[in-house]
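Engineer: Dropping in upload.tsv, with TSV, C-alpha atoms.
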chain	number	residue	atom	x	y	z
B	276	MET	CA	0.00	0.00	0.00
B	277	ALA	CA	1.41	3.40	-0.99
B	278	VAL	CA	1.99	6.10	1.62
B	279	ARG	CA	-0.64	8.33	0.02
B	280	GLU	CA	-3.21	5.51	0.16
B	281	VAL	CA	-2.40	4.83	3.81
B	282	THR	CA	-2.70	8.52	4.66
B	283	ASP	CA	-6.07	8.76	2.89
B	284	GLU	CA	-7.28	5.59	4.59
B	285	ILE	CA	-6.18	6.83	8.01
B	286	LYS	CA	-8.00	10.13	7.47
B	287	ALA	CA	-11.15	8.20	6.56
B	288	ARG	CA	-10.72	5.94	9.60
B	289	ILE	CA	-10.39	8.94	11.94
B	290	ILE	CA	-13.59	10.47	10.55
B	291	ALA	CA	-15.50	7.18	10.85
B	292	PHE	CA	-14.20	6.56	14.37
B	293	LYS	CA	-15.16	10.04	15.59
B	294	GLU	CA	-18.61	9.71	14.06
B	295	CYS	CA	-19.07	6.31	15.74
B	296	VAL	CA	-17.98	7.62	19.16
B	297	LEU	CA	-20.19	10.70	19.00
B	298	SER	CA	-23.25	9.00	17.49
B	299	HIS	CA	-23.15	5.56	19.11
B	300	GLY	CA	-20.83	5.81	22.12
B	301	VAL	CA	-17.58	4.22	23.24
B	302	GLU	CA	-18.99	0.68	23.68
B	303	ARG	CA	-19.95	0.55	20.01
B	304	ALA	CA	-16.62	2.08	18.96
B	305	LEU	CA	-14.80	-0.60	20.94
B	306	SER	CA	-16.79	-3.41	19.33
B	307	ASP	CA	-16.70	-2.05	15.78
B	308	HIS	CA	-13.23	-0.55	15.60
B	309	ILE	CA	-11.00	-2.39	18.08
B	310	LEU	CA	-12.31	-5.83	19.02
B	311	LYS	CA	-13.51	-6.71	15.52
B	312	HIS	CA	-10.99	-8.89	13.68
B	313	ASP	CA	-9.61	-8.42	10.15
B	314	CYS	CA	-9.86	-4.64	10.01
B	315	SER	CA	-6.36	-3.56	11.08
B	316	ILE	CA	-4.48	-0.84	9.20
B	317	VAL	CA	-1.66	-3.39	8.73
B	318	GLY	CA	-3.98	-5.49	6.57
B	319	ARG	CA	-6.12	-8.59	6.93
B	320	ASP	CA	-3.41	-11.08	5.93
B	321	PHE	CA	-0.83	-9.54	8.28
B	322	GLU	CA	-3.36	-9.55	11.13
B	323	ARG	CA	-4.39	-13.17	10.60
B	324	ARG	CA	-0.82	-14.44	10.36
B	325	LEU	CA	0.27	-12.53	13.45
B	326	ARG	CA	-2.72	-13.57	15.54
B	327	GLY	CA	-2.18	-17.17	14.43
B	328	ALA	CA	1.51	-17.14	15.36
B	329	VAL	CA	0.81	-15.67	18.81
B	330	ALA	CA	-2.09	-18.05	19.52
B	331	GLU	CA	-0.05	-21.09	18.50
B	332	HIS	CA	2.97	-20.10	20.59
B	333	PHE	CA	1.00	-19.45	23.79
B	334	GLY	CA	-1.71	-22.06	23.36
B	335	ALA	CA	-4.36	-19.34	23.25
B	336	ASP	CA	-7.63	-19.25	21.33
B	337	VAL	CA	-6.88	-17.31	18.12
B	338	GLU	CA	-10.26	-15.57	18.46
B	339	LEU	CA	-9.01	-14.11	21.75
B	340	VAL	CA	-5.84	-12.59	20.31
B	341	TYR	CA	-6.40	-8.99	19.23
B	342	ILE	CA	-4.35	-6.34	17.49
B	343	VAL	CA	-5.11	-3.09	19.32
B	344	GLY	CA	-3.83	0.50	19.36
B	345	SER	CA	-2.61	2.35	16.29
B	346	ALA	CA	-1.90	-0.83	14.29
B	347	LYS	CA	-5.60	-1.63	14.58
B	348	LEU	CA	-7.14	1.83	14.25
B	349	GLY	CA	-4.59	3.47	11.96
B	350	PHE	CA	-4.03	6.19	14.55
B	351	SER	CA	-3.03	6.37	18.19
B	352	PRO	CA	-5.71	6.35	20.89
B	353	LYS	CA	-3.15	7.19	23.61
B	354	PRO	CA	-3.20	10.46	25.58
B	355	GLY	CA	-0.60	12.87	24.26
B	356	GLN	CA	-0.61	11.10	20.89
B	357	TYR	CA	-4.30	11.22	19.99
B	358	PHE	CA	-4.85	10.58	16.27
B	359	LYS	CA	-1.12	10.32	15.46
B	360	PRO	CA	-1.06	8.21	12.26
B	361	PHE	CA	0.35	4.70	12.28
B	362	SER	CA	3.70	4.47	10.49
B	363	ASP	CA	6.57	2.06	9.98
B	364	GLN	CA	8.02	3.48	13.22
B	365	SER	CA	4.92	2.53	15.23
B	366	ASP	CA	4.56	-0.49	17.49
B	367	VAL	CA	2.10	-3.28	16.85
B	368	ASP	CA	0.31	-3.87	20.16
B	369	ILE	CA	-1.42	-7.15	20.87
B	370	ALA	CA	-3.87	-8.12	23.61
B	371	ILE	CA	-3.91	-11.83	24.49
B	372	VAL	CA	-6.83	-13.19	26.50
B	373	CYS	CA	-5.75	-16.50	28.03
B	374	PRO	CA	-6.85	-17.43	31.57
B	375	ASP	CA	-4.59	-20.51	31.75
B	376	LEU	CA	-1.41	-18.60	30.87
B	377	PHE	CA	-2.47	-15.72	33.11
B	378	SER	CA	-2.95	-18.07	36.07
B	379	ARG	CA	0.37	-19.83	35.46
B	380	ILE	CA	2.31	-16.56	35.43
B	381	TRP	CA	0.37	-15.27	38.44
B	382	HIS	CA	1.28	-18.38	40.45
B	383	GLU	CA	4.94	-18.30	39.40
B	384	VAL	CA	5.36	-14.61	40.20
B	385	SER	CA	3.59	-15.10	43.53
B	386	GLU	CA	6.10	-17.83	44.41
B	387	MET	CA	8.97	-15.49	43.52
B	388	GLU	CA	7.54	-12.80	45.79
B	389	ARG	CA	7.17	-15.30	48.64
B	390	ALA	CA	10.80	-16.30	48.13
B	391	HIS	CA	11.74	-12.58	48.41
B	392	GLU	CA	13.25	-12.49	44.93
B	393	TYR	CA	13.56	-8.80	44.13
B	394	PHE	CA	11.43	-7.06	41.55
B	395	ASP	CA	8.87	-4.27	41.66
B	396	PHE	CA	5.97	-6.34	42.92
B	397	GLU	CA	3.84	-3.25	43.63
B	398	LYS	CA	3.81	-2.19	39.97
B	399	PHE	CA	3.10	-5.76	38.91
B	400	LYS	CA	0.15	-5.91	41.36
B	401	HIS	CA	-1.23	-2.59	40.08
B	402	TYR	CA	-1.92	-4.08	36.65
B	403	LEU	CA	-2.81	-7.52	37.99
B	404	PHE	CA	-5.61	-5.89	39.99
B	405	MET	CA	-7.01	-4.57	36.68
B	406	GLY	CA	-6.98	-8.06	35.20
B	407	TRP	CA	-3.91	-7.90	33.03
B	408	ILE	CA	-0.21	-8.58	33.14
B	409	ARG	CA	2.31	-6.16	31.73
B	410	PRO	CA	5.40	-8.20	30.84
B	411	ASP	CA	7.65	-5.17	31.37
B	412	LYS	CA	6.60	-5.27	35.04
B	413	MET	CA	7.58	-8.93	35.45
B	414	PRO	CA	10.95	-9.92	36.94
B	415	SER	CA	12.59	-10.46	33.56
B	416	LYS	CA	16.19	-11.19	34.55
B	417	SER	CA	15.44	-14.10	36.85
B	418	TYR	CA	12.12	-15.29	35.46
B	419	GLU	CA	12.22	-17.88	32.67
B	420	THR	CA	8.64	-17.39	31.48
B	421	CYS	CA	9.26	-13.66	31.06
B	422	ARG	CA	12.51	-14.25	29.17
B	423	GLU	CA	10.72	-16.65	26.85
B	424	TRP	CA	7.97	-14.05	26.33
B	425	TRP	CA	10.44	-11.33	25.31
B	426	ASP	CA	12.48	-13.73	23.15
B	427	PHE	CA	9.35	-14.70	21.23
B	428	PHE	CA	8.29	-11.10	20.57
B	429	ARG	CA	11.85	-10.12	19.63
B	430	ARG	CA	11.82	-12.89	17.01
B	431	LEU	CA	8.49	-11.69	15.65
B	432	SER	CA	9.70	-8.07	15.60
B	433	GLY	CA	12.81	-9.04	13.64
B	434	SER	CA	10.87	-11.04	11.09
B	435	GLU	CA	10.51	-9.97	7.46
B	436	GLU	CA	7.10	-11.66	7.55
B	437	PHE	CA	5.92	-8.89	9.87
B	438	MET	CA	7.87	-6.07	8.18
B	439	ARG	CA	10.32	-5.81	11.12
B	440	LEU	CA	7.75	-3.79	13.06
B	441	LYS	CA	8.14	-3.81	16.84
B	442	ILE	CA	5.54	-6.21	18.24
B	443	SER	CA	4.61	-6.37	21.91
B	444	ALA	CA	1.71	-7.73	23.93
B	445	GLY	CA	-0.23	-7.59	27.16
B	446	LEU	CA	-1.93	-10.60	28.75
B	447	TYR	CA	-5.51	-10.43	30.06
B	448	TYR	CA	-7.35	-12.84	32.32
B	449	ASP	CA	-10.60	-12.55	30.38
B	450	ARG	CA	-12.35	-10.48	27.74
B	451	LYS	CA	-14.24	-8.46	30.34
B	452	PHE	CA	-10.99	-7.05	31.75
B	453	LEU	CA	-9.77	-6.27	28.23
B	454	ARG	CA	-12.98	-4.40	27.44
B	455	ARG	CA	-12.83	-2.49	30.72
B	456	TYR	CA	-9.25	-1.35	30.16
B	457	GLN	CA	-9.92	-0.32	26.56
B	458	LEU	CA	-13.08	1.56	27.55
B	459	VAL	CA	-11.21	3.71	30.09
B	460	SER	CA	-8.94	4.91	27.27
B	461	LEU	CA	-11.85	5.45	24.91
B	462	VAL	CA	-13.72	7.60	27.43
B	463	SER	CA	-10.72	9.94	27.60
B	464	LEU	CA	-10.47	9.95	23.83
B	465	ARG	CA	-14.16	10.80	23.53
B	466	GLU	CA	-13.63	13.77	25.85
B	467	ASN	CA	-10.80	14.91	23.59
B	468	ILE	CA	-13.07	14.62	20.52
B	469	GLU	CA	-15.78	16.61	22.32
B	470	GLY	CA	-13.23	19.27	23.27
B	471	ARG	CA	-13.49	18.57	26.98
B	472	PRO	CA	-10.43	18.17	29.16
B	473	GLY	CA	-9.83	14.46	29.69
Go ahead and render the structure in this file as structure tokens.
Structural biologist:
Amino acid sequence: MAVREVTDEIKARIIAFKECVLSHGVERALSDHILKHDCSIVGRDFERRLRGAVAEHFGADVELVYIVGSAKLGFSPKPGQYFKPFSDQSDVDIAIVCPDLFSRIWHEVSEMERAHEYFDFEKFKHYLFMGWIRPDKMPSKSYETCREWWDFFRRLSGSEEFMRLKISAGLYYDRKFLRRYQLVSLVSLRENIEGRPG
């Protein structure tokens, strides 16, 4: 896809997203623009291959692996970067919903904390309380599961198959927690669209 085509598509996506948020609300925007598969700015084939690779590696249901963020929307939904267009310098963010993997990591990290192995357990707990695990808050140097996680995403990020884009992921206990986290961001974005401080 040519740069001009991408730019035009992103402009159209921003207009459609704003109209959806203002006319139908953030719940509908989440369902139609973020949690719907095969509509990423990176393309349907890229999305399917990436979701398949992640699901296979972690033993997750492929239907519960989502591309989110600017790689999905075509623009950033993050505060301070609202509507910044996706580019070849952007990250591809993935949300993995997998209760079994979540529970395994939770148990392993809990054992490390009980053994007084040092890492920032408070930051880890902050996200755990919201139903997701941020791998950058795990004890990466001494924790094999975390090292394997980063090694896998480094391999994906260095792959020609995925255009050498940086790929990273968060792990959610269930879809309800994923929706809740995404909705918090979308409420702030809606306030920005409406011109209210958010």
Engineer: Pick the closest to Glu435 in chain B from B:Phe321, B:Glu469, B:Phe377, B:His312: which is it, counting only C-alpha atoms?
Structural biologist: B:Phe321
Engineer: At a cut-off of 7 Å, using all atoms listed in the file, what residues contact range 394-399 of chain B? Leave out same-chain residues fewer than 2 positions from it and give the result as a short mmCIF file (atom, residue, chain, number, x, y, z; two decimals) with C-alpha atoms, keeping the file's coordinate frame.
Structural biologist:
data_model
loop_
_atom_site.label_atom_id
_atom_site.label_comp_id
_atom_site.auth_asym_id
_atom_site.auth_seq_id
_atom_site.Cartn_x
_atom_site.Cartn_y
_atom_site.Cartn_z
CA GLU B 392 13.25 -12.49 44.93
CA HIS B 401 -1.23 -2.59 40.08
CA TYR B 402 -1.92 -4.08 36.65
CA LEU B 403 -2.81 -7.52 37.99
CA LYS B 412 6.60 -5.27 35.04
CA MET B 413 7.58 -8.93 35.45
CA PRO B 414 10.95 -9.92 36.94
#
Engineer: Which is closer to Val340 in chain B than all the others in B:Tyr447, B:Phe437, B:Phe428, B:Trp381, using all atoms listed in the file?
Structural biologist: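 Under the stated criterion, the closest residue is B:Tyr447.
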Engineer: Restricting the calculation to all atoms listed in the file: of B:Arg455, B:Val329, B:Gly334, B:Asn467, which residue gets closest to Glu302 in chain B?
Structural biologist: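 Distance minimum relative to Glu302 in chain B lands on B:Arg455.
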Engineer: Compare B:Asp366, B:Asp375, B:Glu423, B:Glu383 by their minimum atom-to-atom distance to Lys441 in chain B, counting all atoms listed in the file, and give me the closest one.
Structural biologist: B:Asp366
Engineer: Go ahead and compute the interatomic distance for CA of Tyr357 in chain B and CA of Asp449 in chain B, in Å to one decimal.
Structural biologist: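 One can read the CA of Tyr357 in chain B to CA of Asp449 in chain B distance as 26.7 Å.
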Engineer: Restricting the calculation to all atoms listed in the file: of B:Ser315, B:Arg326, B:Pro354, B:Gly349, which residue gets closest to Ile468 in chain B?
Structural biologist: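 When distances to Ile468 in chain B are compared using all atoms listed in the file, the smallest one comes from B:Pro354.
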Engineer: Which residues, written as a list of chain:residue names, have at least one atom at most 10 Å from Ser362 in chain B, with all atoms listed in the file counted and residues fewer than 3 positions away on the same chain left out?
Structural biologist: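 That gives B:Val278, B:Val281, B:Thr282, B:Ile316, B:Val317, B:Ser345, B:Ala346, B:Gly349, B:Phe350, B:Lys359, B:Ser365, B:Asp366, B:Leu440.
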Engineer: Find the distance between CA of Trp425 in chain B and CA of Gly445 in chain B and write it in Å to one decimal.
Structural biologist: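 Between CA of Trp425 in chain B and CA of Gly445 in chain B the gap works out to 11.5 Å.
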Engineer: Calculated over only C-alpha atoms, which of the candidates B:Ile408, B:Ile369, B:Cys421, B:Met387 has the smallest distance to Ile309 in chain B?
Structural biologist: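 Ranking B:Ile408, B:Ile369, B:Cys421, B:Met387 by distance to Ile309 in chain B, first place goes to B:Ile369.
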Engineer: List the residues sitting within 12 Å of (-7.6, 3.7, 15.3) in the file's frame, using only C-alpha atoms, as number ranges by chain.
Structural biologist: B: 284-293, 295-296, 304-305, 307-311, 314-317, 342-353, 356-361, 368, 461, 464
Engineer: For Gly327 in chain B, work out the shell of residues within 9 Å, counting all atoms listed in the file and skipping chain neighbours fewer than 4 positions away, then give it as a list in words.
Structural biologist: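 What passes the distance filter is Glu322, Arg323, Glu331, His332, Val337 and Val340 of chain B.
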Engineer: State, in Å with one decimal place, the distance from CA of Glu338 in chain B to CA of Arg324 in chain B.
Structural biologist: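 Value for the CA of Glu338 in chain B-CA of Arg324 in chain B distance: 12.5 Å.
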Engineer: Residues at most 10 Å from Phe333 in chain B, counting only C-alpha atoms, excluding those fewer than 3 positions away in the same chain, as a list in words?
Structural biologist: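 Selected residues are Ala328, Val329, Ala330, Asp336, Val337, Ile371, Cys373, Asp375, Leu376, Trp424 and Phe427 of chain B.
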Engineer: Create the file for the chosen residues now, containing C-alpha atoms and written as a compact mmCIF listing (two decimals), in the frame of the given file.
Structural biologist:
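Generated file (out_5.txt):
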# COMPACT_ATOMS: atom_id res chain seq x y z
CA ALA B 328 1.51 -17.14 15.36
CA VAL B 329 0.81 -15.67 18.81
CA ALA B 330 -2.09 -18.05 19.52
CA ASP B 336 -7.63 -19.25 21.33
CA VAL B 337 -6.88 -17.31 18.12
CA ILE B 371 -3.91 -11.83 24.49
CA CYS B 373 -5.75 -16.50 28.03
CA ASP B 375 -4.59 -20.51 31.75
CA LEU B 376 -1.41 -18.60 30.87
CA TRP B 424 7.97 -14.05 26.33
CA PHE B 427 9.35 -14.70 21.23
